[in-house]
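Coordinates as given in my_file_12.cif (mmCIF, N, CA and C atoms):
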```cif
data_run
loop_
_atom_site.label_atom_id
_atom_site.label_comp_id
_atom_site.auth_asym_id
_atom_site.auth_seq_id
_atom_site.Cartn_x
_atom_site.Cartn_y
_atom_site.Cartn_z
N MET T 343 2.51 -22.54 12.85
CA MET T 343 1.48 -21.55 13.07
C MET T 343 2.09 -20.34 13.79
N THR T 344 1.48 -19.22 13.54
CA THR T 344 1.95 -17.98 14.14
C THR T 344 0.84 -17.33 14.95
N ASP T 345 1.22 -16.51 15.89
CA ASP T 345 0.24 -15.75 16.66
C ASP T 345 0.16 -14.32 16.16
N ALA T 346 0.74 -14.05 15.01
CA ALA T 346 0.80 -12.70 14.47
C ALA T 346 -0.57 -12.21 14.02
N LYS T 347 -0.72 -10.90 14.09
CA LYS T 347 -1.93 -10.27 13.56
C LYS T 347 -1.74 -10.08 12.06
N GLY T 348 -2.84 -10.15 11.33
CA GLY T 348 -2.81 -9.92 9.90
C GLY T 348 -3.90 -8.94 9.52
N MET T 349 -3.52 -7.85 8.86
CA MET T 349 -4.50 -6.87 8.41
C MET T 349 -4.61 -6.92 6.89
N PRO T 350 -5.68 -7.54 6.37
CA PRO T 350 -5.87 -7.57 4.92
C PRO T 350 -6.05 -6.14 4.41
N THR T 351 -5.15 -5.73 3.52
CA THR T 351 -5.15 -4.37 3.00
C THR T 351 -5.23 -4.44 1.48
N TYR T 352 -6.24 -3.79 0.94
CA TYR T 352 -6.50 -3.82 -0.50
C TYR T 352 -6.30 -2.42 -1.07
N VAL T 353 -5.44 -2.32 -2.08
CA VAL T 353 -5.29 -1.08 -2.82
C VAL T 353 -5.98 -1.33 -4.16
N VAL T 354 -7.03 -0.54 -4.42
CA VAL T 354 -7.84 -0.70 -5.63
C VAL T 354 -7.65 0.55 -6.48
N LEU T 355 -7.18 0.35 -7.71
CA LEU T 355 -6.84 1.46 -8.59
C LEU T 355 -7.76 1.52 -9.80
N ASP T 356 -8.33 2.68 -10.03
CA ASP T 356 -9.11 2.93 -11.24
C ASP T 356 -8.11 3.19 -12.36
N VAL T 357 -8.09 2.30 -13.35
CA VAL T 357 -7.18 2.46 -14.48
C VAL T 357 -7.96 2.67 -15.78
N SER T 358 -9.12 3.32 -15.65
CA SER T 358 -9.95 3.59 -16.82
C SER T 358 -9.38 4.76 -17.63
N LYS T 359 -9.93 4.95 -18.80
CA LYS T 359 -9.47 6.00 -19.72
C LYS T 359 -9.52 7.38 -19.08
N SER T 360 -10.53 7.62 -18.23
CA SER T 360 -10.65 8.94 -17.59
C SER T 360 -9.48 9.23 -16.65
N MET T 361 -8.74 8.19 -16.27
CA MET T 361 -7.59 8.36 -15.39
C MET T 361 -6.28 8.56 -16.16
N THR T 362 -6.34 8.52 -17.49
CA THR T 362 -5.12 8.61 -18.31
C THR T 362 -4.29 9.84 -17.97
N GLU T 363 -4.95 10.99 -17.81
CA GLU T 363 -4.19 12.20 -17.50
C GLU T 363 -3.56 12.15 -16.11
N HIS T 364 -4.01 11.23 -15.28
CA HIS T 364 -3.49 11.09 -13.92
C HIS T 364 -2.61 9.84 -13.76
N GLU T 365 -2.29 9.17 -14.87
CA GLU T 365 -1.57 7.89 -14.81
C GLU T 365 -0.25 7.99 -14.04
N GLU T 366 0.54 9.01 -14.34
CA GLU T 366 1.82 9.17 -13.64
C GLU T 366 1.59 9.40 -12.15
N LEU T 367 0.63 10.24 -11.81
CA LEU T 367 0.31 10.51 -10.41
C LEU T 367 -0.22 9.26 -9.72
N LEU T 368 -1.03 8.47 -10.43
CA LEU T 368 -1.57 7.23 -9.88
C LEU T 368 -0.44 6.27 -9.51
N ASN T 369 0.50 6.07 -10.41
CA ASN T 369 1.64 5.19 -10.14
C ASN T 369 2.50 5.74 -9.00
N LYS T 370 2.70 7.05 -8.98
CA LYS T 370 3.49 7.67 -7.91
C LYS T 370 2.76 7.51 -6.57
N THR T 371 1.46 7.71 -6.56
CA THR T 371 0.67 7.59 -5.33
C THR T 371 0.70 6.16 -4.81
N LEU T 372 0.59 5.18 -5.70
CA LEU T 372 0.70 3.78 -5.29
C LEU T 372 2.04 3.54 -4.61
N GLY T 373 3.10 4.02 -5.21
CA GLY T 373 4.43 3.89 -4.61
C GLY T 373 4.51 4.57 -3.26
N ASN T 374 3.92 5.76 -3.16
CA ASN T 374 3.94 6.48 -1.88
C ASN T 374 3.18 5.74 -0.79
N ILE T 375 2.02 5.18 -1.14
CA ILE T 375 1.23 4.42 -0.16
C ILE T 375 2.04 3.22 0.33
N LEU T 376 2.60 2.47 -0.60
CA LEU T 376 3.36 1.27 -0.22
C LEU T 376 4.61 1.63 0.58
N ASN T 377 5.31 2.68 0.16
CA ASN T 377 6.51 3.10 0.90
C ASN T 377 6.15 3.57 2.31
N THR T 378 5.03 4.28 2.44
CA THR T 378 4.60 4.74 3.76
C THR T 378 4.27 3.56 4.66
N LEU T 379 3.52 2.60 4.12
CA LEU T 379 3.19 1.41 4.90
C LEU T 379 4.45 0.63 5.28
N PHE T 380 5.33 0.46 4.30
CA PHE T 380 6.54 -0.34 4.52
C PHE T 380 7.50 0.32 5.51
N SER T 381 7.56 1.64 5.48
CA SER T 381 8.54 2.34 6.33
C SER T 381 8.06 2.53 7.77
N SER T 382 6.87 2.09 8.07
CA SER T 382 6.36 2.15 9.44
C SER T 382 6.38 0.74 10.02
N PRO T 383 7.42 0.41 10.79
CA PRO T 383 7.56 -0.97 11.30
C PRO T 383 6.35 -1.45 12.11
N ARG T 384 5.69 -0.57 12.82
CA ARG T 384 4.53 -0.98 13.62
C ARG T 384 3.37 -1.41 12.73
N ILE T 385 3.34 -0.92 11.51
CA ILE T 385 2.27 -1.29 10.57
C ILE T 385 2.75 -2.40 9.64
N ALA T 386 3.95 -2.26 9.11
CA ALA T 386 4.47 -3.17 8.10
C ALA T 386 4.48 -4.62 8.55
N GLU T 387 4.65 -4.84 9.85
CA GLU T 387 4.77 -6.22 10.33
C GLU T 387 3.47 -7.01 10.22
N PHE T 388 2.32 -6.34 10.09
CA PHE T 388 1.08 -7.12 10.01
C PHE T 388 0.23 -6.83 8.78
N ILE T 389 0.72 -6.01 7.86
CA ILE T 389 -0.02 -5.74 6.62
C ILE T 389 0.07 -6.94 5.69
N GLN T 390 -1.08 -7.39 5.24
CA GLN T 390 -1.20 -8.39 4.19
C GLN T 390 -1.81 -7.64 3.00
N LEU T 391 -1.07 -7.49 1.91
CA LEU T 391 -1.43 -6.58 0.84
C LEU T 391 -1.92 -7.30 -0.41
N SER T 392 -2.95 -6.71 -1.01
CA SER T 392 -3.43 -7.15 -2.31
C SER T 392 -3.70 -5.91 -3.15
N ILE T 393 -3.39 -5.97 -4.44
CA ILE T 393 -3.62 -4.83 -5.34
C ILE T 393 -4.55 -5.29 -6.45
N LEU T 394 -5.60 -4.52 -6.65
CA LEU T 394 -6.56 -4.77 -7.73
C LEU T 394 -6.64 -3.52 -8.59
N THR T 395 -6.93 -3.70 -9.87
CA THR T 395 -7.21 -2.58 -10.76
C THR T 395 -8.58 -2.82 -11.37
N PHE T 396 -9.16 -1.74 -11.87
CA PHE T 396 -10.42 -1.90 -12.59
C PHE T 396 -10.58 -0.83 -13.64
N ALA T 397 -11.22 -1.20 -14.70
CA ALA T 397 -11.64 -0.32 -15.79
C ALA T 397 -12.88 -1.02 -16.35
N SER T 398 -12.78 -1.52 -17.56
CA SER T 398 -13.90 -2.27 -18.13
C SER T 398 -14.18 -3.53 -17.33
N ARG T 399 -13.11 -4.13 -16.77
CA ARG T 399 -13.25 -5.27 -15.87
C ARG T 399 -12.13 -5.22 -14.83
N PRO T 400 -12.36 -5.85 -13.70
CA PRO T 400 -11.35 -5.84 -12.64
C PRO T 400 -10.24 -6.84 -12.91
N SER T 401 -9.11 -6.59 -12.28
CA SER T 401 -7.97 -7.48 -12.43
C SER T 401 -7.21 -7.55 -11.10
N LEU T 402 -6.75 -8.74 -10.78
CA LEU T 402 -5.93 -8.94 -9.59
C LEU T 402 -4.47 -8.76 -10.01
N VAL T 403 -3.84 -7.70 -9.51
CA VAL T 403 -2.45 -7.40 -9.85
C VAL T 403 -1.50 -8.10 -8.88
N LEU T 404 -1.89 -8.14 -7.60
CA LEU T 404 -1.07 -8.76 -6.58
C LEU T 404 -1.98 -9.51 -5.62
N LYS T 405 -1.84 -10.83 -5.57
CA LYS T 405 -2.62 -11.60 -4.59
C LYS T 405 -2.10 -11.28 -3.20
N MET T 406 -2.88 -11.62 -2.18
CA MET T 406 -2.56 -11.32 -0.80
C MET T 406 -1.13 -11.76 -0.49
N THR T 407 -0.31 -10.78 -0.09
CA THR T 407 1.11 -10.98 0.16
C THR T 407 1.51 -10.21 1.41
N GLU T 408 2.38 -10.80 2.22
CA GLU T 408 2.92 -10.04 3.34
C GLU T 408 3.65 -8.83 2.78
N LEU T 409 3.38 -7.66 3.32
CA LEU T 409 3.99 -6.43 2.82
C LEU T 409 5.50 -6.56 2.76
N GLN T 410 6.08 -7.18 3.77
CA GLN T 410 7.53 -7.31 3.82
C GLN T 410 8.08 -8.23 2.74
N GLU T 411 7.21 -9.00 2.09
CA GLU T 411 7.63 -9.90 1.01
C GLU T 411 7.53 -9.24 -0.37
N LEU T 412 6.96 -8.05 -0.45
CA LEU T 412 6.79 -7.35 -1.73
C LEU T 412 8.16 -6.97 -2.27
N ARG T 413 8.46 -7.39 -3.48
CA ARG T 413 9.77 -7.15 -4.09
C ARG T 413 9.78 -6.00 -5.09
N ARG T 414 8.63 -5.68 -5.66
CA ARG T 414 8.58 -4.58 -6.62
C ARG T 414 7.19 -3.95 -6.58
N ILE T 415 7.15 -2.68 -6.92
CA ILE T 415 5.88 -1.97 -6.97
C ILE T 415 5.40 -2.02 -8.42
N PRO T 416 4.21 -2.58 -8.64
CA PRO T 416 3.71 -2.65 -10.01
C PRO T 416 3.38 -1.27 -10.56
N THR T 417 3.43 -1.14 -11.87
CA THR T 417 2.98 0.09 -12.52
C THR T 417 1.74 -0.25 -13.33
N VAL T 418 0.88 0.76 -13.51
CA VAL T 418 -0.38 0.53 -14.20
C VAL T 418 -0.48 1.46 -15.41
N THR T 419 -1.29 1.03 -16.36
CA THR T 419 -1.59 1.80 -17.56
C THR T 419 -3.10 1.96 -17.64
N CYS T 420 -3.53 3.14 -18.02
CA CYS T 420 -4.97 3.45 -18.03
C CYS T 420 -5.58 3.31 -19.42
N ALA T 421 -6.75 2.66 -19.46
CA ALA T 421 -7.53 2.49 -20.70
C ALA T 421 -8.87 1.85 -20.34
N GLY T 422 -9.87 2.05 -21.16
CA GLY T 422 -11.16 1.40 -20.94
C GLY T 422 -12.13 2.28 -20.16
N SER T 423 -13.31 1.75 -19.93
CA SER T 423 -14.34 2.49 -19.21
C SER T 423 -14.32 2.12 -17.73
N SER T 424 -14.95 2.94 -16.91
CA SER T 424 -15.04 2.67 -15.46
C SER T 424 -16.28 1.84 -15.18
N ARG T 425 -16.08 0.64 -14.66
CA ARG T 425 -17.20 -0.21 -14.24
C ARG T 425 -16.97 -0.58 -12.79
N PHE T 426 -17.69 0.08 -11.91
CA PHE T 426 -17.49 -0.10 -10.48
C PHE T 426 -18.06 -1.42 -9.96
N ALA T 427 -19.23 -1.82 -10.43
CA ALA T 427 -19.90 -3.01 -9.88
C ALA T 427 -19.02 -4.26 -9.98
N PRO T 428 -18.43 -4.58 -11.14
CA PRO T 428 -17.57 -5.78 -11.20
C PRO T 428 -16.37 -5.68 -10.26
N MET T 429 -15.84 -4.48 -10.07
CA MET T 429 -14.71 -4.30 -9.16
C MET T 429 -15.14 -4.61 -7.72
N PHE T 430 -16.31 -4.09 -7.31
CA PHE T 430 -16.78 -4.36 -5.95
C PHE T 430 -17.09 -5.85 -5.76
N ASP T 431 -17.61 -6.50 -6.82
CA ASP T 431 -17.85 -7.94 -6.74
C ASP T 431 -16.54 -8.69 -6.55
N MET T 432 -15.52 -8.32 -7.32
CA MET T 432 -14.22 -8.99 -7.20
C MET T 432 -13.60 -8.70 -5.83
N LEU T 433 -13.70 -7.47 -5.36
CA LEU T 433 -13.15 -7.12 -4.05
C LEU T 433 -13.80 -7.97 -2.96
N ARG T 434 -15.11 -8.08 -3.01
CA ARG T 434 -15.81 -8.90 -2.01
C ARG T 434 -15.36 -10.36 -2.09
N ALA T 435 -15.24 -10.87 -3.31
CA ALA T 435 -14.80 -12.26 -3.49
C ALA T 435 -13.39 -12.46 -2.95
N ARG T 436 -12.51 -11.49 -3.18
CA ARG T 436 -11.13 -11.60 -2.68
C ARG T 436 -11.12 -11.59 -1.16
N ILE T 437 -11.91 -10.72 -0.55
CA ILE T 437 -11.97 -10.66 0.91
C ILE T 437 -12.49 -12.00 1.45
N GLU T 438 -13.55 -12.52 0.84
CA GLU T 438 -14.11 -13.80 1.29
C GLU T 438 -13.12 -14.94 1.11
N HIS T 439 -12.23 -14.83 0.15
CA HIS T 439 -11.21 -15.84 -0.08
C HIS T 439 -10.02 -15.65 0.87
N ASP T 440 -9.57 -14.41 1.03
CA ASP T 440 -8.34 -14.13 1.76
C ASP T 440 -8.46 -14.28 3.27
N LEU T 441 -9.56 -13.86 3.85
CA LEU T 441 -9.68 -13.91 5.31
C LEU T 441 -9.58 -15.33 5.86
N PRO T 442 -10.33 -16.30 5.33
CA PRO T 442 -10.17 -17.67 5.83
C PRO T 442 -8.76 -18.22 5.58
N LEU T 443 -8.16 -17.85 4.45
CA LEU T 443 -6.80 -18.29 4.15
C LEU T 443 -5.81 -17.78 5.20
N LEU T 444 -5.92 -16.51 5.54
CA LEU T 444 -5.04 -15.94 6.57
C LEU T 444 -5.27 -16.63 7.92
N ARG T 445 -6.53 -16.90 8.24
CA ARG T 445 -6.83 -17.59 9.51
C ARG T 445 -6.20 -18.99 9.53
N ARG T 446 -6.30 -19.70 8.40
CA ARG T 446 -5.70 -21.04 8.32
C ARG T 446 -4.18 -20.97 8.47
N GLN T 447 -3.60 -19.84 8.06
CA GLN T 447 -2.15 -19.66 8.20
C GLN T 447 -1.77 -19.23 9.61
N GLY T 448 -2.76 -19.10 10.48
CA GLY T 448 -2.50 -18.80 11.88
C GLY T 448 -2.56 -17.34 12.27
N TYR T 449 -2.97 -16.48 11.37
CA TYR T 449 -3.06 -15.06 11.69
C TYR T 449 -4.34 -14.75 12.46
N ALA T 450 -4.23 -13.84 13.40
CA ALA T 450 -5.40 -13.23 14.03
C ALA T 450 -5.79 -12.10 13.09
N VAL T 451 -6.85 -12.30 12.32
CA VAL T 451 -7.19 -11.39 11.23
C VAL T 451 -7.95 -10.17 11.76
N LEU T 452 -7.42 -9.01 11.39
CA LEU T 452 -8.05 -7.73 11.72
C LEU T 452 -9.03 -7.34 10.60
N ARG T 453 -9.83 -6.32 10.85
CA ARG T 453 -10.79 -5.84 9.85
C ARG T 453 -10.05 -5.39 8.59
N PRO T 454 -10.50 -5.79 7.41
CA PRO T 454 -9.85 -5.38 6.16
C PRO T 454 -9.90 -3.86 5.96
N VAL T 455 -8.89 -3.37 5.26
CA VAL T 455 -8.79 -1.95 4.90
C VAL T 455 -8.73 -1.88 3.39
N VAL T 456 -9.46 -0.91 2.80
CA VAL T 456 -9.46 -0.73 1.35
C VAL T 456 -9.09 0.71 1.03
N PHE T 457 -8.07 0.88 0.19
CA PHE T 457 -7.73 2.18 -0.37
C PHE T 457 -8.23 2.17 -1.81
N LEU T 458 -9.14 3.07 -2.15
CA LEU T 458 -9.70 3.15 -3.50
C LEU T 458 -9.25 4.46 -4.13
N LEU T 459 -8.46 4.37 -5.20
CA LEU T 459 -7.98 5.55 -5.90
C LEU T 459 -8.72 5.65 -7.22
N THR T 460 -9.54 6.69 -7.36
CA THR T 460 -10.36 6.88 -8.56
C THR T 460 -10.65 8.35 -8.76
N ASP T 461 -10.97 8.72 -9.99
CA ASP T 461 -11.44 10.07 -10.24
C ASP T 461 -12.96 10.15 -10.09
N GLY T 462 -13.57 8.99 -9.86
CA GLY T 462 -15.01 8.95 -9.62
C GLY T 462 -15.85 9.28 -10.83
N ALA T 463 -15.32 9.08 -12.02
CA ALA T 463 -16.06 9.41 -13.24
C ALA T 463 -16.41 8.13 -14.00
N PRO T 464 -17.54 7.49 -13.64
CA PRO T 464 -17.90 6.24 -14.32
C PRO T 464 -18.35 6.50 -15.76
#
```

What's the structure tokens form of this structure?
Amino acid sequence: MTDAKGMPTYVVLDVSKSMTEHEELLNKTLGNILNTLFSSPRIAEFIQLSILTFASRPSLVLKMTELQELRRIPTVTCAGSSRFAPMFDMLRARIEHDLPLLRRQGYAVLRPVVFLLTDGAP
């Protein structure tokens, strides 16, 4: 068991068709967010990261992982319609799953953080 703090951090990416023109920027921004988090030792040591995407339906790209254990930054492709409700349902389910899991692993769990990248065009 550890006495470490764990901050569940969710990066949620809109990969719907309306984001196609922003696909390169979306992938670059994801990389920038992860690099910024990783390059800050005071933050990186307690970030527990999960990546979700959504369009017609949500998808779990990266299950909850210690940021320092991340070996590659995923890339995304845009297609489909924007459906926010299923994404929020999945996000809630992931949070309800991940927080008790982190506690069982001995982490003092901090309030979850969500980064939502979207053009807001459902």

What lies within 8 Å of range 430-438 of chain T using only C-alpha atoms, ignoring chain neighbours under 3 positions off, as a PyMOL selection string?
chain T and resi 350+394+400+426-427+441-442+454

Residues within 6.5 Å of range 409-412 of chain T, all atoms listed in the file, excluding chain neighbours under 6 positions, as number ranges by chain:
T: 386, 388-391

Go through T:Gln447, T:Asn377, T:Ser424, T:Thr419 and flag the residue nearest Thr362 in chain T, using all atoms listed in the file for the distances.
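Answer, going by the shortest atom-to-atom distance: T:Thr419.
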
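Rounded to one decimal, CA of Leu368 in chain T and CA of Ala421 in chain T lie 13.2 Å from each other.
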
Could you write out as a list in words the residues that the PyMOL selection byres (((chain T and resi 399 and name CA) around 7) and name CA) matches in the shown file?
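That selection, the PyMOL selection byres (((chain T and resi 399 and name CA) around 7) and name CA), comes back as Phe396, Ala397, Ser398, Pro400, Ser401, Arg425, Pro428 and Met429 of chain T.
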
Can you tell me, as JSON, numbers by chain, what residues are no more than 5 Å from Gly348 in chain T when counting all atoms listed in the file, ignoring any on the same chain fewer than 2 positions away?
{"T": [346, 350, 388, 449, 450, 451, 452]}

In Å to one decimal, how far is CA of Val418 in chain T from CA of Glu387 in chain T?
26.0 Å

Those in chain T with strand (DSSP E) from DSSP, as a count of residues only
34

CA of Lys359 in chain T and atom C of Asn374 in chain T are how many Å apart?
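These atoms are spaced 22.8 Å apart.
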
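For the file shown, the residue list from the PyMOL selection byres ((chain T and resi 415) around 8) reads T:Leu372, T:Gly373, T:Leu376, T:Leu412, T:Arg413, T:Arg414, T:Pro416, T:Thr417, T:Val418.
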
What are the DSSP helix (DSSP H, G or I) residues of range 348-444 of chain T, as an mmCIF file with N, CA and C atoms, keeping the file's coordinate frame?
```
data_model
loop_
_atom_site.group_PDB
_atom_site.id
_atom_site.type_symbol
_atom_site.label_atom_id
_atom_site.label_comp_id
_atom_site.auth_asym_id
_atom_site.auth_seq_id
_atom_site.Cartn_x
_atom_site.Cartn_y
_atom_site.Cartn_z
ATOM 1 N N LYS T 359 -9.930 4.950 -18.800
ATOM 2 C CA LYS T 359 -9.470 6.000 -19.720
ATOM 3 C C LYS T 359 -9.520 7.380 -19.080
ATOM 4 N N SER T 360 -10.530 7.620 -18.230
ATOM 5 C CA SER T 360 -10.650 8.940 -17.590
ATOM 6 C C SER T 360 -9.480 9.230 -16.650
ATOM 7 N N MET T 361 -8.740 8.190 -16.270
ATOM 8 C CA MET T 361 -7.590 8.360 -15.390
ATOM 9 C C MET T 361 -6.280 8.560 -16.160
ATOM 10 N N THR T 362 -6.340 8.520 -17.490
ATOM 11 C CA THR T 362 -5.120 8.610 -18.310
ATOM 12 C C THR T 362 -4.290 9.840 -17.970
ATOM 13 N N GLU T 363 -4.950 10.990 -17.810
ATOM 14 C CA GLU T 363 -4.190 12.200 -17.500
ATOM 15 C C GLU T 363 -3.560 12.150 -16.110
ATOM 16 N N HIS T 364 -4.010 11.230 -15.280
ATOM 17 C CA HIS T 364 -3.490 11.090 -13.920
ATOM 18 C C HIS T 364 -2.610 9.840 -13.760
ATOM 19 N N GLU T 365 -2.290 9.170 -14.870
ATOM 20 C CA GLU T 365 -1.570 7.890 -14.810
ATOM 21 C C GLU T 365 -0.250 7.990 -14.040
ATOM 22 N N GLU T 366 0.540 9.010 -14.340
ATOM 23 C CA GLU T 366 1.820 9.170 -13.640
ATOM 24 C C GLU T 366 1.590 9.400 -12.150
ATOM 25 N N LEU T 367 0.630 10.240 -11.810
ATOM 26 C CA LEU T 367 0.310 10.510 -10.410
ATOM 27 C C LEU T 367 -0.220 9.260 -9.720
ATOM 28 N N LEU T 368 -1.030 8.470 -10.430
ATOM 29 C CA LEU T 368 -1.570 7.230 -9.880
ATOM 30 C C LEU T 368 -0.440 6.270 -9.510
ATOM 31 N N ASN T 369 0.500 6.070 -10.410
ATOM 32 C CA ASN T 369 1.640 5.190 -10.140
ATOM 33 C C ASN T 369 2.500 5.740 -9.000
ATOM 34 N N LYS T 370 2.700 7.050 -8.980
ATOM 35 C CA LYS T 370 3.490 7.670 -7.910
ATOM 36 C C LYS T 370 2.760 7.510 -6.570
ATOM 37 N N THR T 371 1.460 7.710 -6.560
ATOM 38 C CA THR T 371 0.670 7.590 -5.330
ATOM 39 C C THR T 371 0.700 6.160 -4.810
ATOM 40 N N LEU T 372 0.590 5.180 -5.700
ATOM 41 C CA LEU T 372 0.700 3.780 -5.290
ATOM 42 C C LEU T 372 2.040 3.540 -4.610
ATOM 43 N N GLY T 373 3.100 4.020 -5.210
ATOM 44 C CA GLY T 373 4.430 3.890 -4.610
ATOM 45 C C GLY T 373 4.510 4.570 -3.260
ATOM 46 N N ASN T 374 3.920 5.760 -3.160
ATOM 47 C CA ASN T 374 3.940 6.480 -1.880
ATOM 48 C C ASN T 374 3.180 5.740 -0.790
ATOM 49 N N ILE T 375 2.020 5.180 -1.140
ATOM 50 C CA ILE T 375 1.230 4.420 -0.160
ATOM 51 C C ILE T 375 2.040 3.220 0.330
ATOM 52 N N LEU T 376 2.600 2.470 -0.600
ATOM 53 C CA LEU T 376 3.360 1.270 -0.220
ATOM 54 C C LEU T 376 4.610 1.630 0.580
ATOM 55 N N ASN T 377 5.310 2.680 0.160
ATOM 56 C CA ASN T 377 6.510 3.100 0.900
ATOM 57 C C ASN T 377 6.150 3.570 2.310
ATOM 58 N N THR T 378 5.030 4.280 2.440
ATOM 59 C CA THR T 378 4.600 4.740 3.760
ATOM 60 C C THR T 378 4.270 3.560 4.660
ATOM 61 N N LEU T 379 3.520 2.600 4.120
ATOM 62 C CA LEU T 379 3.190 1.410 4.900
ATOM 63 C C LEU T 379 4.450 0.630 5.280
ATOM 64 N N PHE T 380 5.330 0.460 4.300
ATOM 65 C CA PHE T 380 6.540 -0.340 4.520
ATOM 66 C C PHE T 380 7.500 0.320 5.510
ATOM 67 N N PRO T 383 7.420 0.410 10.790
ATOM 68 C CA PRO T 383 7.560 -0.970 11.300
ATOM 69 C C PRO T 383 6.350 -1.450 12.110
ATOM 70 N N ARG T 384 5.690 -0.570 12.820
ATOM 71 C CA ARG T 384 4.530 -0.980 13.620
ATOM 72 C C ARG T 384 3.370 -1.410 12.730
ATOM 73 N N ILE T 385 3.340 -0.920 11.510
ATOM 74 C CA ILE T 385 2.270 -1.290 10.570
ATOM 75 C C ILE T 385 2.750 -2.400 9.640
ATOM 76 N N ALA T 386 3.950 -2.260 9.110
ATOM 77 C CA ALA T 386 4.470 -3.170 8.100
ATOM 78 C C ALA T 386 4.480 -4.620 8.550
ATOM 79 N N LEU T 409 3.380 -7.660 3.320
ATOM 80 C CA LEU T 409 3.990 -6.430 2.820
ATOM 81 C C LEU T 409 5.500 -6.560 2.760
ATOM 82 N N GLN T 410 6.080 -7.180 3.770
ATOM 83 C CA GLN T 410 7.530 -7.310 3.820
ATOM 84 C C GLN T 410 8.080 -8.230 2.740
ATOM 85 N N GLU T 411 7.210 -9.000 2.090
ATOM 86 C CA GLU T 411 7.630 -9.900 1.010
ATOM 87 C C GLU T 411 7.530 -9.240 -0.370
ATOM 88 N N PHE T 426 -17.690 0.080 -11.910
ATOM 89 C CA PHE T 426 -17.490 -0.100 -10.480
ATOM 90 C C PHE T 426 -18.060 -1.420 -9.960
ATOM 91 N N ALA T 427 -19.230 -1.820 -10.430
ATOM 92 C CA ALA T 427 -19.900 -3.010 -9.880
ATOM 93 C C ALA T 427 -19.020 -4.260 -9.980
ATOM 94 N N PRO T 428 -18.430 -4.580 -11.140
ATOM 95 C CA PRO T 428 -17.570 -5.780 -11.200
ATOM 96 C C PRO T 428 -16.370 -5.680 -10.260
ATOM 97 N N MET T 429 -15.840 -4.480 -10.070
ATOM 98 C CA MET T 429 -14.710 -4.300 -9.160
ATOM 99 C C MET T 429 -15.140 -4.610 -7.720
ATOM 100 N N PHE T 430 -16.310 -4.090 -7.310
ATOM 101 C CA PHE T 430 -16.780 -4.360 -5.950
ATOM 102 C C PHE T 430 -17.090 -5.850 -5.760
ATOM 103 N N ASP T 431 -17.610 -6.500 -6.820
ATOM 104 C CA ASP T 431 -17.850 -7.940 -6.740
ATOM 105 C C ASP T 431 -16.540 -8.690 -6.550
ATOM 106 N N MET T 432 -15.520 -8.320 -7.320
ATOM 107 C CA MET T 432 -14.220 -8.990 -7.200
ATOM 108 C C MET T 432 -13.600 -8.700 -5.830
ATOM 109 N N LEU T 433 -13.700 -7.470 -5.360
ATOM 110 C CA LEU T 433 -13.150 -7.120 -4.050
ATOM 111 C C LEU T 433 -13.800 -7.970 -2.960
ATOM 112 N N ARG T 434 -15.110 -8.080 -3.010
ATOM 113 C CA ARG T 434 -15.810 -8.900 -2.010
ATOM 114 C C ARG T 434 -15.360 -10.360 -2.090
ATOM 115 N N ALA T 435 -15.240 -10.870 -3.310
ATOM 116 C CA ALA T 435 -14.800 -12.260 -3.490
ATOM 117 C C ALA T 435 -13.390 -12.460 -2.950
ATOM 118 N N ARG T 436 -12.510 -11.490 -3.180
ATOM 119 C CA ARG T 436 -11.130 -11.600 -2.680
ATOM 120 C C ARG T 436 -11.120 -11.590 -1.160
ATOM 121 N N ILE T 437 -11.910 -10.720 -0.550
ATOM 122 C CA ILE T 437 -11.970 -10.660 0.910
ATOM 123 C C ILE T 437 -12.490 -12.000 1.450
ATOM 124 N N GLU T 438 -13.550 -12.520 0.840
ATOM 125 C CA GLU T 438 -14.110 -13.800 1.290
ATOM 126 C C GLU T 438 -13.120 -14.940 1.110
ATOM 127 N N HIS T 439 -12.230 -14.830 0.150
ATOM 128 C CA HIS T 439 -11.210 -15.840 -0.080
ATOM 129 C C HIS T 439 -10.020 -15.650 0.870
ATOM 130 N N ASP T 440 -9.570 -14.410 1.030
ATOM 131 C CA ASP T 440 -8.340 -14.130 1.760
ATOM 132 C C ASP T 440 -8.460 -14.280 3.270
ATOM 133 N N LEU T 441 -9.560 -13.860 3.850
ATOM 134 C CA LEU T 441 -9.680 -13.910 5.310
ATOM 135 C C LEU T 441 -9.580 -15.330 5.860
ATOM 136 N N PRO T 442 -10.330 -16.300 5.330
ATOM 137 C CA PRO T 442 -10.170 -17.670 5.830
ATOM 138 C C PRO T 442 -8.760 -18.220 5.580
ATOM 139 N N LEU T 443 -8.160 -17.850 4.450
ATOM 140 C CA LEU T 443 -6.800 -18.290 4.150
ATOM 141 C C LEU T 443 -5.810 -17.780 5.200
ATOM 142 N N LEU T 444 -5.920 -16.510 5.540
ATOM 143 C CA LEU T 444 -5.040 -15.940 6.570
ATOM 144 C C LEU T 444 -5.270 -16.630 7.920
#
```

With the file shown as input, list the residues that the PyMOL selection byres (((chain T and resi 461 and name CA) around 10) and name CA) selects, as a count of residues only.
14

T:Met406, T:Val456, T:Cys420, T:Leu444 ranked by distance to Val353 in chain T, top pick (using only C-alpha atoms)
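The shortest atom-to-atom distance to Val353 in chain T comes from T:Val456.
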
Spatial neighbours of Ile393 in chain T, max dist 6 Å, only N, CA and C atoms, sep filter under 5 positions, as a list in words
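So the residues in contact are Tyr352, Val353, Val354, Ser401, Leu402, Val403, Leu404 and Lys405 of chain T.
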